[in-house]
$ cat target-v4.pdb   # PDB, C-alpha atoms
ATOM      1  CA  MET A   1    -109.831 -61.346  -6.780
ATOM      2  CA  ALA A   2    -111.097 -62.527  -3.409
ATOM      3  CA  GLY A   3    -109.357 -65.679  -2.266
ATOM      4  CA  SER A   4    -106.766 -65.658  -5.062
ATOM      5  CA  THR A   5    -103.140 -66.473  -4.271
ATOM      6  CA  LEU A   6    -101.760 -64.934  -7.491
ATOM      7  CA  PHE A   7     -99.577 -61.889  -6.954
ATOM      8  CA  THR A   8    -100.957 -60.228 -10.082
ATOM      9  CA  ASP A   9    -104.462 -60.459  -8.589
ATOM     10  CA  ALA A  10    -103.225 -58.946  -5.330
ATOM     11  CA  MET A  11    -101.914 -55.925  -7.272
ATOM     12  CA  ALA A  12    -105.166 -55.423  -9.224
ATOM     13  CA  LEU A  13    -106.776 -51.995  -8.811
ATOM     14  CA  THR A  14    -110.163 -50.666  -9.903
ATOM     15  CA  PRO A  15    -110.289 -46.937 -10.708
ATOM     16  CA  ALA A  16    -112.998 -44.948  -8.923
ATOM     17  CA  GLY A  17    -112.188 -41.515 -10.389
ATOM     18  CA  ASP A  18    -110.273 -38.479  -9.125
ATOM     19  CA  GLY A  19    -107.115 -40.502  -8.520
ATOM     20  CA  VAL A  20    -108.841 -43.022  -6.244
ATOM     21  CA  TYR A  21    -108.492 -46.783  -6.680
ATOM     22  CA  HIS A  22    -109.985 -49.798  -4.932
ATOM     23  CA  GLY A  23    -108.004 -52.961  -4.258
ATOM     24  CA  GLU A  24    -107.814 -55.881  -1.886
ATOM     25  CA  LEU A  25    -105.018 -57.684  -0.088
ATOM     26  CA  ASN A  26    -106.468 -60.910   1.234
ATOM     27  CA  GLU A  27    -105.269 -63.291   3.953
ATOM     28  CA  HIS A  28    -102.621 -64.760   1.640
ATOM     29  CA  TRP A  29    -100.630 -61.504   1.760
ATOM     30  CA  THR A  30    -100.222 -61.254   5.505
ATOM     31  CA  ILE A  31     -97.631 -61.802   8.203
ATOM     32  CA  GLY A  32     -99.532 -63.190  11.135
ATOM     33  CA  PRO A  33    -102.953 -61.504  11.153
ATOM     34  CA  LYS A  34    -101.862 -58.241   9.489
ATOM     35  CA  VAL A  35    -101.258 -57.195   5.882
ATOM     36  CA  HIS A  36     -97.616 -57.413   4.803
ATOM     37  CA  GLY A  37     -95.864 -54.035   4.584
ATOM     38  CA  GLY A  38     -94.049 -54.818   1.344
ATOM     39  CA  ALA A  39     -97.319 -55.833  -0.325
ATOM     40  CA  MET A  40     -98.917 -52.540   0.728
ATOM     41  CA  LEU A  41     -96.014 -50.512  -0.655
ATOM     42  CA  ALA A  42     -96.147 -52.462  -3.922
ATOM     43  CA  LEU A  43     -99.864 -51.699  -4.196
ATOM     44  CA  CYS A  44     -99.168 -47.991  -3.598
ATOM     45  CA  ALA A  45     -96.458 -48.075  -6.270
ATOM     46  CA  ASN A  46     -98.861 -49.693  -8.723
ATOM     47  CA  ALA A  47    -101.515 -47.040  -8.104
ATOM     48  CA  ALA A  48     -98.953 -44.301  -8.778
ATOM     49  CA  ARG A  49     -97.826 -46.016 -11.973
ATOM     50  CA  ILE A  50    -101.398 -46.374 -13.235
ATOM     51  CA  GLU A  51    -102.305 -42.792 -12.338
ATOM     52  CA  HIS A  52     -99.266 -41.440 -14.170
ATOM     53  CA  ALA A  53     -99.773 -43.661 -17.242
ATOM     54  CA  GLY A  54     -97.028 -44.112 -19.810
ATOM     55  CA  ASP A  55     -93.926 -46.268 -19.694
ATOM     56  CA  VAL A  56     -92.582 -45.391 -16.235
ATOM     57  CA  GLN A  57     -91.684 -47.426 -13.164
ATOM     58  CA  PRO A  58     -91.556 -46.702  -9.399
ATOM     59  CA  ILE A  59     -87.808 -46.099  -9.105
ATOM     60  CA  ALA A  60     -88.059 -44.920  -5.489
ATOM     61  CA  VAL A  61     -90.752 -45.762  -2.943
ATOM     62  CA  SER A  62     -90.742 -44.199   0.499
ATOM     63  CA  GLY A  63     -93.501 -45.180   2.889
ATOM     64  CA  SER A  64     -94.460 -44.345   6.455
ATOM     65  CA  PHE A  65     -96.632 -46.884   8.270
ATOM     66  CA  LEU A  66     -99.264 -45.375  10.538
ATOM     67  CA  TRP A  67    -101.036 -48.555  11.621
ATOM     68  CA  ALA A  68    -101.360 -52.167  10.517
ATOM     69  CA  PRO A  69    -104.549 -52.887   8.540
ATOM     70  CA  ASP A  70    -106.411 -56.181   8.406
ATOM     71  CA  PRO A  71    -106.705 -58.245   5.215
ATOM     72  CA  GLY A  72    -109.581 -57.118   3.027
ATOM     73  CA  PRO A  73    -110.639 -54.215   0.802
ATOM     74  CA  LEU A  74    -108.397 -51.154   0.652
ATOM     75  CA  GLN A  75    -108.681 -47.707  -0.884
ATOM     76  CA  VAL A  76    -105.645 -46.107  -2.553
ATOM     77  CA  VAL A  77    -105.700 -42.337  -3.093
ATOM     78  CA  THR A  78    -103.139 -40.693  -5.394
ATOM     79  CA  THR A  79    -102.063 -37.047  -5.675
ATOM     80  CA  VAL A  80     -99.825 -36.017  -8.589
ATOM     81  CA  ARG A  81     -97.121 -33.624  -7.380
ATOM     82  CA  LYS A  82     -95.008 -33.443 -10.529
ATOM     83  CA  ARG A  83     -95.115 -34.740 -14.089
ATOM     84  CA  GLY A  84     -91.620 -34.364 -15.456
ATOM     85  CA  ARG A  85     -89.797 -35.390 -18.599
ATOM     86  CA  ARG A  86     -87.580 -37.861 -16.721
ATOM     87  CA  VAL A  87     -88.878 -37.869 -13.151
ATOM     88  CA  SER A  88     -92.401 -37.612 -11.764
ATOM     89  CA  LEU A  89     -93.632 -37.667  -8.169
ATOM     90  CA  ILE A  90     -96.959 -38.962  -6.879
ATOM     91  CA  ASP A  91     -98.076 -39.086  -3.246
ATOM     92  CA  VAL A  92    -100.197 -42.069  -2.266
ATOM     93  CA  GLU A  93    -102.333 -42.860   0.757
ATOM     94  CA  LEU A  94    -103.477 -46.401   1.426
ATOM     95  CA  ARG A  95    -106.627 -46.383   3.518
ATOM     96  CA  GLN A  96    -108.995 -48.867   5.092
ATOM     97  CA  GLY A  97    -112.436 -48.261   6.537
ATOM     98  CA  ALA A  98    -111.800 -50.274   9.659
ATOM     99  CA  ARG A  99    -112.823 -47.626  12.144
ATOM    100  CA  THR A 100    -116.101 -45.828  12.880
ATOM    101  CA  ARG A 101    -116.880 -42.646  14.729
ATOM    102  CA  ASP A 102    -120.033 -40.880  15.948
ATOM    103  CA  VAL A 103    -120.813 -37.840  13.827
ATOM    104  CA  GLY A 104    -121.150 -34.743  15.980
ATOM    105  CA  ALA A 105    -120.027 -36.470  19.156
ATOM    106  CA  PRO A 106    -116.219 -36.104  19.524
ATOM    107  CA  PRO A 107    -114.361 -36.999  21.621
ATOM    108  CA  ALA A 108    -116.706 -39.033  23.819
ATOM    109  CA  ARG A 109    -119.271 -41.463  22.445
ATOM    110  CA  ARG A 110    -122.752 -39.982  22.653
ATOM    111  CA  ALA A 111    -125.807 -42.221  23.054
ATOM    112  CA  GLY A 112    -127.953 -42.202  19.946
ATOM    113  CA  GLY A 113    -125.297 -40.387  17.907
ATOM    114  CA  ARG A 114    -125.011 -41.085  14.193
ATOM    115  CA  SER A 115    -122.041 -43.269  13.208
ATOM    116  CA  ARG A 116    -120.302 -43.436   9.842
ATOM    117  CA  GLU A 117    -117.353 -45.415   8.535
ATOM    118  CA  GLU A 118    -114.078 -43.576   8.064
ATOM    119  CA  GLN A 119    -111.251 -44.440   5.707
ATOM    120  CA  LYS A 120    -108.236 -44.302   7.984
ATOM    121  CA  VAL A 121    -104.775 -43.824   6.441
ATOM    122  CA  ALA A 122    -102.567 -46.863   7.060
ATOM    123  CA  VAL A 123     -99.651 -46.016   4.753
ATOM    124  CA  ARG A 124     -98.507 -42.660   3.420
ATOM    125  CA  ALA A 125     -96.058 -43.052   0.538
ATOM    126  CA  ALA A 126     -94.097 -40.860  -1.861
ATOM    127  CA  ILE A 127     -93.507 -42.582  -5.209
ATOM    128  CA  THR A 128     -90.831 -41.345  -7.617
ATOM    129  CA  LEU A 129     -91.458 -42.526 -11.168
ATOM    130  CA  GLY A 130     -88.948 -42.772 -13.977
ATOM    131  CA  ASP A 131     -87.091 -45.166 -16.230
ATOM    132  CA  PRO A 132     -84.853 -47.606 -14.308
ATOM    133  CA  GLU A 133     -81.557 -48.647 -15.780
ATOM    134  CA  HIS A 134     -81.847 -51.619 -18.080
ATOM    135  CA  HIS A 135     -79.366 -54.462 -18.216
ATOM    136  CA  VAL A 136     -76.286 -52.450 -19.056
ATOM    137  CA  ALA A 137     -72.955 -52.621 -17.269
ATOM    138  CA  PRO A 138     -72.802 -50.143 -14.359
ATOM    139  CA  LEU A 139     -69.863 -47.808 -13.918
ATOM    140  CA  LEU A 140     -69.389 -49.291 -10.429
ATOM    141  CA  SER A 141     -71.160 -52.062  -8.541
ATOM    142  CA  VAL A 142     -70.472 -53.514  -5.105
ATOM    143  CA  ASN A 143     -72.738 -56.553  -4.990
ATOM    144  CA  PRO A 144     -72.318 -58.571  -1.764
ATOM    145  CA  VAL A 145     -74.894 -61.174  -2.820
ATOM    146  CA  ILE A 146     -72.971 -62.831  -5.649
ATOM    147  CA  PRO A 147     -70.171 -64.378  -3.527
ATOM    148  CA  LEU A 148     -72.622 -65.542  -0.835
ATOM    149  CA  MET A 149     -75.664 -66.847  -2.693
ATOM    150  CA  GLN A 150     -75.987 -68.991  -5.808
ATOM    151  CA  PRO A 151     -78.725 -68.153  -8.355
ATOM    152  CA  ASP A 152     -80.964 -71.084  -7.340
ATOM    153  CA  PRO A 153     -81.771 -72.309  -3.825
ATOM    154  CA  PRO A 154     -79.330 -74.914  -2.538
ATOM    155  CA  PRO A 155     -80.567 -78.518  -2.814
ATOM    156  CA  GLY A 156     -82.639 -79.492   0.200
ATOM    157  CA  LEU A 157     -83.568 -75.928   1.186
ATOM    158  CA  GLU A 158     -87.258 -76.303   1.988
ATOM    159  CA  PRO A 159     -89.921 -73.778   1.001
ATOM    160  CA  ILE A 160     -92.168 -72.296   3.637
ATOM    161  CA  GLY A 161     -95.233 -74.519   3.605
ATOM    162  CA  GLU A 162     -96.955 -77.246   5.574
ATOM    163  CA  GLY A 163     -94.661 -78.476   8.328
ATOM    164  CA  HIS A 164     -92.216 -75.593   8.018
ATOM    165  CA  PRO A 165     -91.556 -73.726  11.300
ATOM    166  CA  MET A 166     -92.485 -70.380   9.704
ATOM    167  CA  ALA A 167     -95.676 -71.552   7.957
ATOM    168  CA  GLY A 168     -98.022 -70.336  10.688
ATOM    169  CA  ILE A 169     -96.771 -66.761  10.416
ATOM    170  CA  VAL A 170     -95.591 -66.186   6.832
ATOM    171  CA  HIS A 171     -98.841 -66.528   4.896
ATOM    172  CA  LEU A 172     -97.138 -64.936   1.872
ATOM    173  CA  ALA A 173     -95.907 -68.446   1.125
ATOM    174  CA  ARG A 174     -99.330 -69.269  -0.302
ATOM    175  CA  GLY A 175     -98.618 -66.954  -3.221
ATOM    176  CA  CYS A 176     -94.811 -67.094  -3.250
ATOM    177  CA  ASP A 177     -92.195 -69.790  -3.172
ATOM    178  CA  ILE A 178     -90.119 -68.575  -0.220
ATOM    179  CA  ARG A 179     -87.005 -70.479   0.799
ATOM    180  CA  PRO A 180     -85.217 -68.984   3.802
ATOM    181  CA  SER A 181     -81.908 -70.280   5.014
ATOM    182  CA  LEU A 182     -82.844 -70.919   8.630
ATOM    183  CA  THR A 183     -79.198 -71.327   9.607
ATOM    184  CA  THR A 184     -78.606 -67.635   8.820
ATOM    185  CA  MET A 185     -81.328 -66.443  11.215
ATOM    186  CA  ALA A 186     -79.854 -67.766  14.451
ATOM    187  CA  PRO A 187     -77.269 -65.808  16.460
ATOM    188  CA  ARG A 188     -73.823 -66.287  14.943
ATOM    189  CA  SER A 189     -71.294 -68.345  16.870
ATOM    190  CA  ASP A 190     -68.602 -65.761  16.140
ATOM    191  CA  GLY A 191     -70.724 -62.934  17.555
ATOM    192  CA  GLY A 192     -70.959 -61.220  14.189
ATOM    193  CA  PRO A 193     -73.986 -59.334  12.854
ATOM    194  CA  PRO A 194     -76.931 -61.262  11.405
ATOM    195  CA  VAL A 195     -76.883 -61.935   7.652
ATOM    196  CA  ILE A 196     -80.136 -63.550   6.492
ATOM    197  CA  GLU A 197     -80.518 -65.258   3.105
ATOM    198  CA  TYR A 198     -83.723 -65.890   1.138
ATOM    199  CA  TRP A 199     -84.624 -67.216  -2.311
ATOM    200  CA  VAL A 200     -88.051 -65.997  -3.454
ATOM    201  CA  ARG A 201     -90.265 -66.046  -6.548
ATOM    202  CA  PRO A 202     -94.015 -65.695  -7.124
ATOM    203  CA  LYS A 203     -96.119 -68.746  -7.890
ATOM    204  CA  GLY A 204     -97.677 -68.968 -11.326
ATOM    205  CA  VAL A 205     -96.126 -65.808 -12.792
ATOM    206  CA  ALA A 206     -92.703 -64.316 -13.464
ATOM    207  CA  PRO A 207     -91.320 -61.798 -10.954
ATOM    208  CA  ASP A 208     -92.012 -58.211 -11.963
ATOM    209  CA  VAL A 209     -91.139 -54.786 -10.614
ATOM    210  CA  LEU A 210     -93.888 -54.824  -7.979
ATOM    211  CA  PHE A 211     -92.924 -58.266  -6.710
ATOM    212  CA  ALA A 212     -89.285 -57.159  -6.483
ATOM    213  CA  LEU A 213     -90.409 -54.239  -4.301
ATOM    214  CA  LEU A 214     -92.313 -56.658  -2.062
ATOM    215  CA  CYS A 215     -89.083 -58.659  -1.693
ATOM    216  CA  GLY A 216     -87.476 -55.545  -0.226
ATOM    217  CA  ASP A 217     -89.451 -56.372   2.929
ATOM    218  CA  VAL A 218     -89.618 -60.168   2.799
ATOM    219  CA  SER A 219     -87.139 -61.198   5.481
ATOM    220  CA  ALA A 220     -87.796 -62.082   9.090
ATOM    221  CA  PRO A 221     -86.533 -59.333  11.413
ATOM    222  CA  VAL A 222     -82.759 -59.220  11.864
ATOM    223  CA  THR A 223     -83.487 -59.085  15.586
ATOM    224  CA  PHE A 224     -83.666 -62.887  15.399
ATOM    225  CA  GLY A 225     -79.881 -62.659  15.411
ATOM    226  CA  VAL A 226     -79.902 -61.222  18.944
ATOM    227  CA  ASN A 227     -82.658 -63.511  20.263
ATOM    228  CA  ARG A 228     -85.416 -60.919  19.990
ATOM    229  CA  PHE A 229     -88.466 -62.507  18.391
ATOM    230  CA  GLY A 230     -92.038 -61.385  17.894
ATOM    231  CA  TRP A 231     -93.702 -58.475  16.136
ATOM    232  CA  ALA A 232     -91.233 -55.851  14.891
ATOM    233  CA  PRO A 233     -93.438 -53.138  13.345
ATOM    234  CA  THR A 234     -91.905 -51.152  10.497
ATOM    235  CA  VAL A 235     -92.190 -47.393  10.954
ATOM    236  CA  GLN A 236     -90.575 -46.231   7.706
ATOM    237  CA  LEU A 237     -89.273 -48.048   4.620
ATOM    238  CA  THR A 238     -87.550 -46.710   1.508
ATOM    239  CA  ALA A 239     -86.856 -48.898  -1.527
ATOM    240  CA  TYR A 240     -85.014 -48.191  -4.778
ATOM    241  CA  LEU A 241     -85.749 -50.023  -8.014
ATOM    242  CA  ARG A 242     -82.453 -50.328  -9.885
ATOM    243  CA  THR A 243     -83.482 -52.459 -12.866
ATOM    244  CA  LEU A 244     -86.165 -54.847 -14.102
ATOM    245  CA  PRO A 245     -85.933 -58.416 -12.749
ATOM    246  CA  ALA A 246     -85.127 -61.376 -14.990
ATOM    247  CA  ASP A 247     -87.467 -64.366 -14.926
ATOM    248  CA  GLY A 248     -86.259 -66.691 -12.179
ATOM    249  CA  TRP A 249     -85.396 -66.745  -8.504
ATOM    250  CA  LEU A 250     -84.750 -63.515  -6.630
ATOM    251  CA  ARG A 251     -81.992 -63.692  -4.041
ATOM    252  CA  VAL A 252     -82.524 -61.534  -0.960
ATOM    253  CA  LEU A 253     -79.770 -60.664   1.486
ATOM    254  CA  CYS A 254     -80.871 -58.993   4.713
ATOM    255  CA  THR A 255     -78.435 -57.188   7.040
ATOM    256  CA  THR A 256     -78.341 -54.497   9.710
ATOM    257  CA  VAL A 257     -76.035 -51.757  10.934
ATOM    258  CA  GLN A 258     -77.369 -51.384  14.466
ATOM    259  CA  ILE A 259     -79.973 -53.038  16.678
ATOM    260  CA  GLY A 260     -80.711 -50.711  19.550
ATOM    261  CA  GLN A 261     -82.802 -51.226  22.635
ATOM    262  CA  ASP A 262     -85.857 -49.682  20.978
ATOM    263  CA  TRP A 263     -85.098 -49.223  17.275
ATOM    264  CA  PHE A 264     -83.258 -51.149  14.570
ATOM    265  CA  ASP A 265     -82.471 -50.718  10.904
ATOM    266  CA  GLU A 266     -82.785 -53.471   8.329
ATOM    267  CA  ASP A 267     -81.387 -53.503   4.786
ATOM    268  CA  HIS A 268     -82.417 -55.749   1.886
ATOM    269  CA  ILE A 269     -80.550 -56.276  -1.365
ATOM    270  CA  VAL A 270     -82.580 -58.106  -4.004
ATOM    271  CA  VAL A 271     -80.606 -59.703  -6.859
ATOM    272  CA  ASP A 272     -82.092 -61.573  -9.820
ATOM    273  CA  CYS A 273     -80.926 -64.863 -11.307
ATOM    274  CA  GLU A 274     -78.654 -63.028 -13.760
ATOM    275  CA  GLY A 275     -76.801 -61.250 -10.968
ATOM    276  CA  HIS A 276     -78.318 -57.781 -11.347
ATOM    277  CA  ILE A 277     -79.176 -55.699  -8.291
ATOM    278  CA  VAL A 278     -82.914 -55.149  -8.704
ATOM    279  CA  VAL A 279     -84.013 -53.532  -5.430
ATOM    280  CA  GLN A 280     -82.292 -51.995  -2.428
ATOM    281  CA  SER A 281     -84.262 -51.095   0.684
ATOM    282  CA  ARG A 282     -83.749 -49.792   4.192
ATOM    283  CA  GLN A 283     -86.296 -49.643   6.972
ATOM    284  CA  LEU A 284     -86.563 -48.388  10.519
ATOM    285  CA  ALA A 285     -88.506 -50.680  12.845
ATOM    286  CA  MET A 286     -89.174 -51.315  16.520
ATOM    287  CA  VAL A 287     -87.233 -53.966  18.429
ATOM    288  CA  PRO A 288     -89.537 -56.730  19.743
ATOM    289  CA  GLN A 289     -89.895 -56.776  23.496
ATOM    290  CA  ALA A 290     -87.702 -59.214  25.382
TER     291      ALA A 290
END

$ encode --input "target-v4.pdb" --output "structure tokens"
Amino acid sequence: MAGSTLFTDAMALTPAGDGVYHGELNEHWTIGPKVHGGAMLALCANAARIEHAGDVQPIAVSGSFLWAPDPGPLQVVTTVRKRGRRVSLIDVELRQGARTRDVGAPPARRAGGRSREEQKVAVRAAITLGDPEHHVAPLLSVNPVIPLMQPDPPPGLEPIGEGHPMAGIVHLARGCDIRPSLTTMAPRSDGGPPVIEYWVRPKGVAPDVLFALLCGDVSAPVTFGVNRFGWAPTVQLTAYLRTLPADGWLRVLCTTVQIGQDWFDEDHIVVDCEGHIVVQSRQLAMVPQA
């Protein structure tokens, strides 16, 4: 719904036939002027889930980002690669008609040439569908979030909103209650690697699978920890859904293995209020210019 800040409205899709769906991510689901990458992947995952039908979830989402679309209408095109008993695979392309070209006049623009709108692919994703593990004890779990982060935000930790230093960039805060620990974003006094902490939940609804996937890309870039700020475009992101989230705050811990001169990796672990690992993600992104 245009103008809505509800996450469930952002994930709404209208079928157009032949595996094609229409949706919209408005200005409330942006970072700066561009649509948030995690929101786009969640929308792709939802299209795959709808196209497959049945009681399945996007247990693995792997997306490559070709360019950054503007807020507004989007087209999501699905292609079923496999329908299996336990695992299915659907390819998804998220497109936006933000470019035009002259028909019959490539590569140079020809005076008087006919022009038509093209749907240009912004995200190409592979969605693996299956049944995630439910709340049963794992055979082994190494959960670094539990000893570092309590289930609820610490008292006094302010949400991103009016007056917050991140409010002008993180427009997601209009539809989510996002509470970053700003002290974890600055370079560490001991010279150690950045470890960024967030508490997040959607406004007006309980967190679901799609929102948990969005949280796999919710943090500010880890490059803040080495005094590199600015746009850090994601090139590729893979997220795993491990279980369904409980109703409450989601804790997000963001770390890195290496920040190079040009490229860096960034890992998210998303844990629900009951202590279950819900989503794990890793992305490759570009280091902001000095």

$ resolve_selection --input "target-v4.pdb" --expression "the PyMOL selection byres ((chain A and resi 222) around 9)" --output "NGL selection string"
:A and (185 or 193-196 or 219-221 or 223-226 or 228 or 254-256 or 259 or 264-266)

$ write_last_selection --input "target-v4.pdb" --atoms "C-alpha atoms" --output "PDB file, in the frame of the given file"
ATOM      1  CA  MET A 185     -81.328 -66.443  11.215  1.00  0.00           C
ATOM      2  CA  PRO A 193     -73.986 -59.334  12.854  1.00  0.00           C
ATOM      3  CA  PRO A 194     -76.931 -61.262  11.405  1.00  0.00           C
ATOM      4  CA  VAL A 195     -76.883 -61.935   7.652  1.00  0.00           C
ATOM      5  CA  ILE A 196     -80.136 -63.550   6.492  1.00  0.00           C
ATOM      6  CA  SER A 219     -87.139 -61.198   5.481  1.00  0.00           C
ATOM      7  CA  ALA A 220     -87.796 -62.082   9.090  1.00  0.00           C
ATOM      8  CA  PRO A 221     -86.533 -59.333  11.413  1.00  0.00           C
ATOM      9  CA  THR A 223     -83.487 -59.085  15.586  1.00  0.00           C
ATOM     10  CA  PHE A 224     -83.666 -62.887  15.399  1.00  0.00           C
ATOM     11  CA  GLY A 225     -79.881 -62.659  15.411  1.00  0.00           C
ATOM     12  CA  VAL A 226     -79.902 -61.222  18.944  1.00  0.00           C
ATOM     13  CA  ARG A 228     -85.416 -60.919  19.990  1.00  0.00           C
ATOM     14  CA  CYS A 254     -80.871 -58.993   4.713  1.00  0.00           C
ATOM     15  CA  THR A 255     -78.435 -57.188   7.040  1.00  0.00           C
ATOM     16  CA  THR A 256     -78.341 -54.497   9.710  1.00  0.00           C
ATOM     17  CA  ILE A 259     -79.973 -53.038  16.678  1.00  0.00           C
ATOM     18  CA  PHE A 264     -83.258 -51.149  14.570  1.00  0.00           C
ATOM     19  CA  ASP A 265     -82.471 -50.718  10.904  1.00  0.00           C
ATOM     20  CA  GLU A 266     -82.785 -53.471   8.329  1.00  0.00           C
TER      21      GLU A 266
END

$ residues_around --input "target-v4.pdb" --residues "A:Val35" --least-positions-apart "2" --cutoff "12 Å" --atoms "all atoms listed in the file" --output "JSON, numbers by chain"
{"A": [10, 24, 25, 26, 27, 28, 29, 30, 31, 32, 33, 37, 38, 39, 40, 41, 43, 65, 67, 68, 69, 70, 71, 72, 73, 74, 94, 96, 122, 123, 169, 170, 171, 172, 214, 233]}

$ resolve_selection --input "target-v4.pdb" --expression "the PyMOL selection byres ((chain A and resi 16) around 12)" --output "short mmCIF file (atom, residue, chain, number, x, y, z; two decimals) with C-alpha atoms, keeping the file's coordinate frame"
data_model
loop_
_atom_site.label_atom_id
_atom_site.label_comp_id
_atom_site.auth_asym_id
_atom_site.auth_seq_id
_atom_site.Cartn_x
_atom_site.Cartn_y
_atom_site.Cartn_z
CA LEU A 13 -106.78 -52.00 -8.81
CA THR A 14 -110.16 -50.67 -9.90
CA PRO A 15 -110.29 -46.94 -10.71
CA GLY A 17 -112.19 -41.52 -10.39
CA ASP A 18 -110.27 -38.48 -9.12
CA GLY A 19 -107.12 -40.50 -8.52
CA VAL A 20 -108.84 -43.02 -6.24
CA TYR A 21 -108.49 -46.78 -6.68
CA HIS A 22 -109.98 -49.80 -4.93
CA GLY A 23 -108.00 -52.96 -4.26
CA ALA A 47 -101.52 -47.04 -8.10
CA GLU A 51 -102.30 -42.79 -12.34
CA GLN A 75 -108.68 -47.71 -0.88
CA VAL A 76 -105.64 -46.11 -2.55
CA VAL A 77 -105.70 -42.34 -3.09
CA THR A 78 -103.14 -40.69 -5.39
#

$ atom_distance --input "target-v4.pdb" --atom1 "atom CA of A:Leu157" --atom2 "atom CA of A:Trp249"
13.5 Å

$ resolve_selection --input "target-v4.pdb" --expression "the PyMOL selection byres ((chain A and resi 152) around 9)" --output "number ranges by chain"
A: 149-151, 153-155, 199, 248-251, 273

$ atom_distance --input "target-v4.pdb" --atom1 "atom CA of A:Asp131" --atom2 "atom CA of A:Asp217"
22.3 Å

$ residues_around --input "target-v4.pdb" --residues "A:Ile160" --least-positions-apart "6" --cutoff "12 Å" --atoms "only C-alpha atoms" --output "mmCIF file with C-alpha atoms, in the frame of the given file"
data_model
loop_
_atom_site.group_PDB
_atom_site.id
_atom_site.type_symbol
_atom_site.label_atom_id
_atom_site.label_comp_id
_atom_site.auth_asym_id
_atom_site.auth_seq_id
_atom_site.Cartn_x
_atom_site.Cartn_y
_atom_site.Cartn_z
ATOM 1 C CA MET A 166 -92.485 -70.380 9.704
ATOM 2 C CA ALA A 167 -95.676 -71.552 7.957
ATOM 3 C CA GLY A 168 -98.022 -70.336 10.688
ATOM 4 C CA ILE A 169 -96.771 -66.761 10.416
ATOM 5 C CA VAL A 170 -95.591 -66.186 6.832
ATOM 6 C CA HIS A 171 -98.841 -66.528 4.896
ATOM 7 C CA LEU A 172 -97.138 -64.936 1.872
ATOM 8 C CA ALA A 173 -95.907 -68.446 1.125
ATOM 9 C CA ARG A 174 -99.330 -69.269 -0.302
ATOM 10 C CA GLY A 175 -98.618 -66.954 -3.221
ATOM 11 C CA CYS A 176 -94.811 -67.094 -3.250
ATOM 12 C CA ASP A 177 -92.195 -69.790 -3.172
ATOM 13 C CA ILE A 178 -90.119 -68.575 -0.220
ATOM 14 C CA ARG A 179 -87.005 -70.479 0.799
ATOM 15 C CA PRO A 180 -85.217 -68.984 3.802
ATOM 16 C CA SER A 181 -81.908 -70.280 5.014
ATOM 17 C CA LEU A 182 -82.844 -70.919 8.630
ATOM 18 C CA TYR A 198 -83.723 -65.890 1.138
ATOM 19 C CA TRP A 199 -84.624 -67.216 -2.311
ATOM 20 C CA VAL A 200 -88.051 -65.997 -3.454
#

$ closest_residue --input "target-v4.pdb" --among "A:Val87, A:Pro202, A:Phe229, A:Leu237" --to "A:Pro58" --atoms "all atoms listed in the file"
A:Val87

$ atom_distance --input "target-v4.pdb" --atom1 "atom CA of A:Pro207" --atom2 "atom CA of A:Ala239"
16.6 Å

$ closest_residue --input "target-v4.pdb" --among "A:Pro288, A:Gly3, A:Gly63, A:Gly97" --to "A:Thr238" --atoms "all atoms listed in the file"
A:Gly63

$ residues_around --input "target-v4.pdb" --residues "A:Arg86" --least-positions-apart "5" --cutoff "10 Å" --atoms "all atoms listed in the file" --output "ChimeraX atom specification"
/A:56,129-131

$ closest_residue --input "target-v4.pdb" --among "A:Thr184, A:Gln289, A:Ser88, A:Ser281" --to "A:Asp55" --atoms "all atoms listed in the file"
A:Ser88

$ axis_aligned_box --input "target-v4.pdb" --around "stretch 154-170 of chain A" --padding-each-side "3 Å" --output "JSON"
{"center_x": -88.7, "center_y": -72.8, "center_z": 4.2, "size_x": 24.7, "size_y": 19.3, "size_z": 20.1}

$ closest_residue --input "target-v4.pdb" --among "A:Val257, A:Lys203, A:Val142, A:Ala186" --to "A:Asp9" --atoms "all atoms listed in the file"
A:Lys203

$ residues_around --input "target-v4.pdb" --residues "A:Asp208" --least-positions-apart "2" --cutoff "8 Å" --atoms "only C-alpha atoms" --output "PyMOL selection string"
chain A and resi 206+210-212+244-245

$ write_last_selection --input "target-v4.pdb" --atoms "C-alpha atoms" --output "PDB file, in the coordinates of the input"
ATOM      1  CA  ALA A 206     -92.703 -64.316 -13.464  1.00  0.00           C
ATOM      2  CA  LEU A 210     -93.888 -54.824  -7.979  1.00  0.00           C
ATOM      3  CA  PHE A 211     -92.924 -58.266  -6.710  1.00  0.00           C
ATOM      4  CA  ALA A 212     -89.285 -57.159  -6.483  1.00  0.00           C
ATOM      5  CA  LEU A 244     -86.165 -54.847 -14.102  1.00  0.00           C
ATOM      6  CA  PRO A 245     -85.933 -58.416 -12.749  1.00  0.00           C
TER       7      PRO A 245
END
